[in-house]
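data-v2.pdb follows (PDB, C-alpha atoms):
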```pdb
MODEL        1
ATOM      1  CA  MET A   6      11.549  16.191   5.538
ATOM      2  CA  LYS A   7       8.247  15.483   7.281
ATOM      3  CA  GLU A   8       8.110  13.142  10.248
ATOM      4  CA  ILE A   9       6.610   9.658   9.870
ATOM      5  CA  THR A  10       3.190   9.754  11.496
ATOM      6  CA  ILE A  11       0.408   7.268  12.133
ATOM      7  CA  ASN A  12      -2.268   8.049   9.557
ATOM      8  CA  PRO A  13      -4.514   5.365   8.006
ATOM      9  CA  GLN A  14      -5.317   7.809   5.184
ATOM     10  CA  GLN A  15      -1.723   7.346   4.006
ATOM     11  CA  ILE A  16      -2.247   3.652   3.223
ATOM     12  CA  ALA A  17      -2.170   3.020  -0.520
ATOM     13  CA  ALA A  18      -4.821   0.857  -2.177
ATOM     14  CA  CYS A  19      -2.329  -2.014  -2.584
ATOM     15  CA  GLY A  20      -1.286  -1.995   1.073
ATOM     16  CA  LEU A  21       1.876   0.100   0.937
ATOM     17  CA  TYR A  22       2.230   2.777   3.616
ATOM     18  CA  CYS A  23       2.890   6.078   1.841
ATOM     19  CA  GLY A  24       3.407   7.716   5.236
ATOM     20  CA  ALA A  25       6.875   6.126   5.439
ATOM     21  CA  CYS A  26       7.871   6.764   1.809
ATOM     22  CA  LYS A  27      10.869   9.072   1.330
ATOM     23  CA  LYS A  28       9.294  10.819  -1.685
ATOM     24  CA  PHE A  29       6.107  11.455   0.300
ATOM     25  CA  LEU A  30       8.028  12.664   3.341
ATOM     26  CA  ASN A  31      10.155  14.977   1.170
ATOM     27  CA  GLY A  32       7.043  16.495  -0.425
ATOM     28  CA  LYS A  33       7.827  15.055  -3.865
ATOM     29  CA  CYS A  34       4.715  12.853  -3.959
ATOM     30  CA  PRO A  35       1.224  13.493  -2.560
ATOM     31  CA  GLY A  36       0.715   9.799  -1.791
ATOM     32  CA  CYS A  37      -1.162   7.259  -3.870
ATOM     33  CA  LYS A  38      -4.648   8.509  -3.013
ATOM     34  CA  LYS A  39      -3.972  12.052  -4.233
ATOM     35  CA  ASN A  40      -1.409  11.306  -6.947
ATOM     36  CA  GLU A  41      -3.185  11.844 -10.265
ATOM     37  CA  LYS A  42      -0.012  10.678 -12.037
ATOM     38  CA  ALA A  43      -0.714   7.209 -10.598
ATOM     39  CA  SER A  44      -3.654   6.759 -12.964
ATOM     40  CA  TRP A  45      -1.702   3.854 -14.514
ATOM     41  CA  CYS A  46      -2.136   1.820 -11.296
ATOM     42  CA  LYS A  47      -4.824  -0.807 -11.854
ATOM     43  CA  ILE A  48      -5.072  -1.584  -8.135
ATOM     44  CA  ARG A  49      -5.774   2.052  -7.298
ATOM     45  CA  LYS A  50      -8.324   2.272 -10.112
ATOM     46  CA  CYS A  51     -10.102  -0.912  -8.986
ATOM     47  CA  CYS A  52     -10.374   0.333  -5.393
ATOM     48  CA  GLN A  53     -11.634   3.744  -6.545
ATOM     49  CA  GLU A  54     -14.278   2.159  -8.796
ATOM     50  CA  LYS A  55     -15.497  -0.086  -5.957
ATOM     51  CA  GLY A  56     -15.349   2.667  -3.333
ATOM     52  CA  PHE A  57     -12.706   0.815  -1.301
ATOM     53  CA  HIS A  58      -9.920   2.462   0.663
ATOM     54  CA  THR A  59      -7.643  -0.563   0.165
ATOM     55  CA  CYS A  60      -7.815  -4.094  -1.190
ATOM     56  CA  ALA A  61      -8.513  -5.185   2.406
ATOM     57  CA  ASN A  62     -12.109  -4.005   1.867
ATOM     58  CA  CYS A  63     -12.586  -6.533  -0.963
ATOM     59  CA  ASP A  64     -13.990 -10.020  -0.407
ATOM     60  CA  LYS A  65     -11.481 -11.543  -2.841
ATOM     61  CA  ASP A  66      -8.248 -12.993  -1.456
ATOM     62  CA  VAL A  67      -5.356 -10.914  -2.800
ATOM     63  CA  LYS A  68      -3.502 -14.121  -3.707
ATOM     64  CA  ASP A  69      -6.301 -14.925  -6.163
ATOM     65  CA  CYS A  70      -6.647 -11.379  -7.525
ATOM     66  CA  LYS A  71      -5.072 -10.876 -10.945
ATOM     67  CA  ILE A  72      -5.194  -7.096 -10.482
ATOM     68  CA  HIS A  73      -3.246  -7.157  -7.204
ATOM     69  CA  ASN A  74      -0.844  -9.837  -8.438
ATOM     70  CA  ASN A  75       0.129  -8.182 -11.693
ATOM     71  CA  PHE A  76       3.467  -8.186 -13.503
ATOM     72  CA  VAL A  77       4.545  -4.719 -12.325
ATOM     73  CA  GLY A  78       3.603  -5.540  -8.733
ATOM     74  CA  ASN A  79       5.553  -8.781  -8.822
ATOM     75  CA  ILE A  80       8.666  -6.988 -10.109
ATOM     76  CA  PHE A  81       8.248  -4.334  -7.409
ATOM     77  CA  ALA A  82       7.903  -7.075  -4.782
ATOM     78  CA  PHE A  83      11.073  -8.773  -5.992
ATOM     79  CA  LEU A  84      13.172  -5.600  -6.208
ATOM     80  CA  PHE A  85      12.092  -4.212  -2.840
ATOM     81  CA  ASN A  86      11.517  -7.464  -0.946
ATOM     82  CA  SER A  87       7.930  -6.320  -0.474
ATOM     83  CA  ASP A  88       4.958  -8.455   0.549
ATOM     84  CA  ARG A  89       1.907  -6.301  -0.219
ATOM     85  CA  ALA A  90      -0.387  -9.310   0.207
ATOM     86  CA  ALA A  91       0.862  -9.638   3.798
ATOM     87  CA  CYS A  92       0.075  -5.940   4.282
ATOM     88  CA  ILE A  93      -3.504  -6.478   3.089
ATOM     89  CA  ARG A  94      -3.907  -9.542   5.335
ATOM     90  CA  TYR A  95      -2.566  -7.539   8.305
ATOM     91  CA  ILE A  96      -5.040  -4.737   7.612
ATOM     92  CA  ARG A  97      -7.933  -7.224   7.398
ATOM     93  CA  GLU A  98      -6.950  -8.896  10.668
ATOM     94  CA  ASN A  99      -5.921  -5.835  12.689
ATOM     95  CA  GLY A 100      -7.397  -2.767  11.008
ATOM     96  CA  GLU A 101      -5.947   0.228   9.208
ATOM     97  CA  GLU A 102      -5.010   2.117  12.376
ATOM     98  CA  ALA A 103      -2.937  -0.819  13.676
ATOM     99  CA  PHE A 104      -1.248  -1.213  10.282
ATOM    100  CA  ALA A 105      -0.396   2.491  10.074
ATOM    101  CA  GLU A 106       0.952   2.329  13.628
ATOM    102  CA  LYS A 107       3.087  -0.736  12.824
ATOM    103  CA  MET A 108       4.523   0.779   9.649
ATOM    104  CA  ALA A 109       5.231   4.141  11.330
ATOM    105  CA  LYS A 110       6.901   2.458  14.283
ATOM    106  CA  GLU A 111       9.045   0.282  11.987
ATOM    107  CA  LYS A 112       9.619   3.187   9.560
ATOM    108  CA  GLN A 113       8.648   0.897   6.693
ATOM    109  CA  MET A 114       6.481   1.285   3.590
ATOM    110  CA  THR A 115       5.742  -2.428   3.424
ATOM    111  CA  MET A 116       6.052  -5.707   5.204
ATOM    112  CA  LYS A 117       9.107  -7.620   4.043
ATOM    113  CA  LYS A 118       9.024 -11.104   2.534
TER     114      LYS A 118
ENDMDL
END
```
Before anything else, please render the file you have as structure tokens.
Amino acid sequence: MKEITINPQQIAACGLYCGACKKFLNGKCPGCKKNEKASWCKIRKCCQEKGFHTCANCDKDVKDCKIHNNFVGNIFAFLFNSDRAACIRYIRENGEEAFAEKMAKEKQMTMKK
């Protein structure tokens, strides 16, 4: 298994930190940015179409975004106690490097609710 590192390029469009994901670390997933199987993800598609790295680059508040707050995302948030909106707010306030550092240090993919 790879070691968790600080790498802003491993932040998914929705605010998850792929760099701390077990599948990513075990080489079973290339991460959201390079995972062509993730074409179903509307958040990823929206960011790609707009040329954004993450939703933090968008002017819209993630709480008001129907793409970010979709049914699948809400189920994911419930099952994994994940607060992706908090991740996006953290990135906006502190930057991608600080977010990657925080997630790597805490060995977490997401901020908890």
**OP:** Tell me which residues the PyMOL selection byres ((chain A and resi 33-42) around 8) grabs here, as a list in words.
**Re:**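 So the PyMOL selection byres ((chain A and resi 33-42) around 8), applied here, picks out Gln15, Ala17, Ala18, Cys23, Gly24, Lys28, Phe29, Leu30, Asn31, Gly32, Ala43, Ser44, Trp45 and Arg49 of chain A.
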**OP:** Take atom CA of A:Ile16 and atom CA of A:Thr59 and report the distance between them in Å, one decimal.
**Re:**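 Those two atoms sit 7.5 Å apart.
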Subject >> Residues near A:Ala61, cut-off 12 Å, only C-alpha atoms, skip fewer than 4 positions along chain, as a PyMOL selection string >> reply: chain A and resi 16-21+48+52+56-57+65-68+70+73+89-101+104
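In this model, the gap between atom CA of A:Gly78 and atom CA of A:Cys46 comes to 9.7 Å.
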Subject >> Nearest candidate to A:Asn74 (options A:Asn62, A:Lys27, A:Ala105, A:Lys47; using all atoms listed in the file) >> reply: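 Smallest separation from A:Asn74 among the options: A:Lys47.
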**OP:** For atom CA of A:Asn75 and atom CA of A:Ala25, determine how far apart the two atoms are, in Å to one decimal place.
**Re:** 23.3 Å
Original post:
Mind telling me what the PyMOL selection byres ((chain A and resi 108-115) around 6) catches here, as a list in words?
Top reply: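 Applying the expression gives Ile9, Thr10, Ile11, Leu21, Tyr22, Ala25, Cys26, Ser87, Ala105, Glu106, Lys107 and Met116 of chain A.
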Some atoms are absent from stretch 27-38 of chain A, so rebuild all heavy atoms and return them as a PDB file, keeping the file's coordinate frame.
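As a result, rebuild_10.pdb now contains:
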```pdb
ATOM      1  N   LYS A  27       9.967   7.913   1.353  1.00  0.00           N
ATOM      2  CA  LYS A  27      10.869   9.072   1.330  1.00  0.00           C
ATOM      3  C   LYS A  27      10.360  10.169   0.397  1.00  0.00           C
ATOM      4  O   LYS A  27      10.446  11.352   0.729  1.00  0.00           O
ATOM      5  CB  LYS A  27      12.273   8.636   0.928  1.00  0.00           C
ATOM      6  CG  LYS A  27      12.968   7.865   2.017  1.00  0.00           C
ATOM      7  CD  LYS A  27      14.351   7.423   1.625  1.00  0.00           C
ATOM      8  CE  LYS A  27      14.931   6.581   2.762  1.00  0.00           C
ATOM      9  NZ  LYS A  27      16.118   5.868   2.375  1.00  0.00           N
ATOM     10  N   LYS A  28       9.819   9.802  -0.764  1.00  0.00           N
ATOM     11  CA  LYS A  28       9.294  10.819  -1.685  1.00  0.00           C
ATOM     12  C   LYS A  28       8.117  11.560  -1.051  1.00  0.00           C
ATOM     13  O   LYS A  28       7.998  12.771  -1.176  1.00  0.00           O
ATOM     14  CB  LYS A  28       8.854  10.188  -3.010  1.00  0.00           C
ATOM     15  CG  LYS A  28       9.996   9.877  -3.924  1.00  0.00           C
ATOM     16  CD  LYS A  28       9.483   9.449  -5.283  1.00  0.00           C
ATOM     17  CE  LYS A  28      10.628   9.267  -6.242  1.00  0.00           C
ATOM     18  NZ  LYS A  28      10.163   8.993  -7.595  1.00  0.00           N
ATOM     19  N   PHE A  29       7.245  10.832  -0.373  1.00  0.00           N
ATOM     20  CA  PHE A  29       6.107  11.455   0.300  1.00  0.00           C
ATOM     21  C   PHE A  29       6.597  12.380   1.409  1.00  0.00           C
ATOM     22  O   PHE A  29       6.155  13.531   1.524  1.00  0.00           O
ATOM     23  CB  PHE A  29       5.171  10.381   0.863  1.00  0.00           C
ATOM     24  CG  PHE A  29       4.018  10.939   1.644  1.00  0.00           C
ATOM     25  CD1 PHE A  29       2.893  11.424   0.992  1.00  0.00           C
ATOM     26  CD2 PHE A  29       4.048  10.977   3.026  1.00  0.00           C
ATOM     27  CE1 PHE A  29       1.822  11.947   1.710  1.00  0.00           C
ATOM     28  CE2 PHE A  29       2.990  11.498   3.751  1.00  0.00           C
ATOM     29  CZ  PHE A  29       1.883  11.985   3.090  1.00  0.00           C
ATOM     30  N   LEU A  30       7.521  11.882   2.213  1.00  0.00           N
ATOM     31  CA  LEU A  30       8.028  12.664   3.341  1.00  0.00           C
ATOM     32  C   LEU A  30       8.806  13.898   2.892  1.00  0.00           C
ATOM     33  O   LEU A  30       8.837  14.902   3.600  1.00  0.00           O
ATOM     34  CB  LEU A  30       8.903  11.787   4.245  1.00  0.00           C
ATOM     35  CG  LEU A  30       8.150  10.663   4.966  1.00  0.00           C
ATOM     36  CD1 LEU A  30       9.129   9.709   5.629  1.00  0.00           C
ATOM     37  CD2 LEU A  30       7.161  11.220   5.976  1.00  0.00           C
ATOM     38  N   ASN A  31       9.412  13.831   1.706  1.00  0.00           N
ATOM     39  CA  ASN A  31      10.155  14.977   1.170  1.00  0.00           C
ATOM     40  C   ASN A  31       9.260  15.920   0.365  1.00  0.00           C
ATOM     41  O   ASN A  31       9.749  16.884  -0.214  1.00  0.00           O
ATOM     42  CB  ASN A  31      11.316  14.504   0.294  1.00  0.00           C
ATOM     43  CG  ASN A  31      12.463  13.969   1.114  1.00  0.00           C
ATOM     44  OD1 ASN A  31      12.714  14.427   2.216  1.00  0.00           O
ATOM     45  ND2 ASN A  31      13.158  12.980   0.592  1.00  0.00           N
ATOM     46  N   GLY A  32       7.971  15.636   0.297  1.00  0.00           N
ATOM     47  CA  GLY A  32       7.043  16.495  -0.425  1.00  0.00           C
ATOM     48  C   GLY A  32       7.095  16.343  -1.938  1.00  0.00           C
ATOM     49  O   GLY A  32       6.553  17.170  -2.667  1.00  0.00           O
ATOM     50  N   LYS A  33       7.712  15.272  -2.428  1.00  0.00           N
ATOM     51  CA  LYS A  33       7.827  15.055  -3.865  1.00  0.00           C
ATOM     52  C   LYS A  33       6.709  14.181  -4.418  1.00  0.00           C
ATOM     53  O   LYS A  33       6.629  13.964  -5.618  1.00  0.00           O
ATOM     54  CB  LYS A  33       9.182  14.444  -4.202  1.00  0.00           C
ATOM     55  CG  LYS A  33      10.326  15.392  -3.899  1.00  0.00           C
ATOM     56  CD  LYS A  33      11.651  14.812  -4.265  1.00  0.00           C
ATOM     57  CE  LYS A  33      12.751  15.827  -3.943  1.00  0.00           C
ATOM     58  NZ  LYS A  33      14.060  15.311  -4.207  1.00  0.00           N
ATOM     59  N   CYS A  34       5.849  13.678  -3.555  1.00  0.00           N
ATOM     60  CA  CYS A  34       4.715  12.853  -3.959  1.00  0.00           C
ATOM     61  C   CYS A  34       3.576  13.103  -2.968  1.00  0.00           C
ATOM     62  O   CYS A  34       3.807  13.140  -1.761  1.00  0.00           O
ATOM     63  CB  CYS A  34       5.109  11.375  -3.957  1.00  0.00           C
ATOM     64  SG  CYS A  34       3.757  10.257  -4.404  1.00  0.00           S
ATOM     65  N   PRO A  35       2.350  13.259  -3.463  1.00  0.00           N
ATOM     66  CA  PRO A  35       1.224  13.493  -2.560  1.00  0.00           C
ATOM     67  C   PRO A  35       0.678  12.217  -1.927  1.00  0.00           C
ATOM     68  O   PRO A  35      -0.258  12.262  -1.136  1.00  0.00           O
ATOM     69  CB  PRO A  35       0.176  14.125  -3.484  1.00  0.00           C
ATOM     70  CG  PRO A  35       0.468  13.535  -4.823  1.00  0.00           C
ATOM     71  CD  PRO A  35       1.964  13.372  -4.865  1.00  0.00           C
ATOM     72  N   GLY A  36       1.247  11.077  -2.260  1.00  0.00           N
ATOM     73  CA  GLY A  36       0.715   9.799  -1.791  1.00  0.00           C
ATOM     74  C   GLY A  36      -0.206   9.219  -2.847  1.00  0.00           C
ATOM     75  O   GLY A  36      -0.718   9.935  -3.710  1.00  0.00           O
ATOM     76  N   CYS A  37      -0.399   7.936  -2.812  1.00  0.00           N
ATOM     77  CA  CYS A  37      -1.162   7.259  -3.870  1.00  0.00           C
ATOM     78  C   CYS A  37      -2.592   7.766  -4.019  1.00  0.00           C
ATOM     79  O   CYS A  37      -3.099   7.858  -5.135  1.00  0.00           O
ATOM     80  CB  CYS A  37      -1.167   5.754  -3.612  1.00  0.00           C
ATOM     81  SG  CYS A  37       0.448   5.010  -3.893  1.00  0.00           S
ATOM     82  N   LYS A  38      -3.244   8.077  -2.941  1.00  0.00           N
ATOM     83  CA  LYS A  38      -4.648   8.509  -3.013  1.00  0.00           C
ATOM     84  C   LYS A  38      -4.816   9.824  -3.775  1.00  0.00           C
ATOM     85  O   LYS A  38      -5.776  10.016  -4.485  1.00  0.00           O
ATOM     86  CB  LYS A  38      -5.236   8.668  -1.605  1.00  0.00           C
ATOM     87  CG  LYS A  38      -5.209   7.428  -0.779  1.00  0.00           C
ATOM     88  CD  LYS A  38      -6.152   6.386  -1.314  1.00  0.00           C
ATOM     89  CE  LYS A  38      -6.090   5.169  -0.424  1.00  0.00           C
ATOM     90  NZ  LYS A  38      -6.607   3.991  -0.995  1.00  0.00           N
TER      91      LYS A  38
END
```
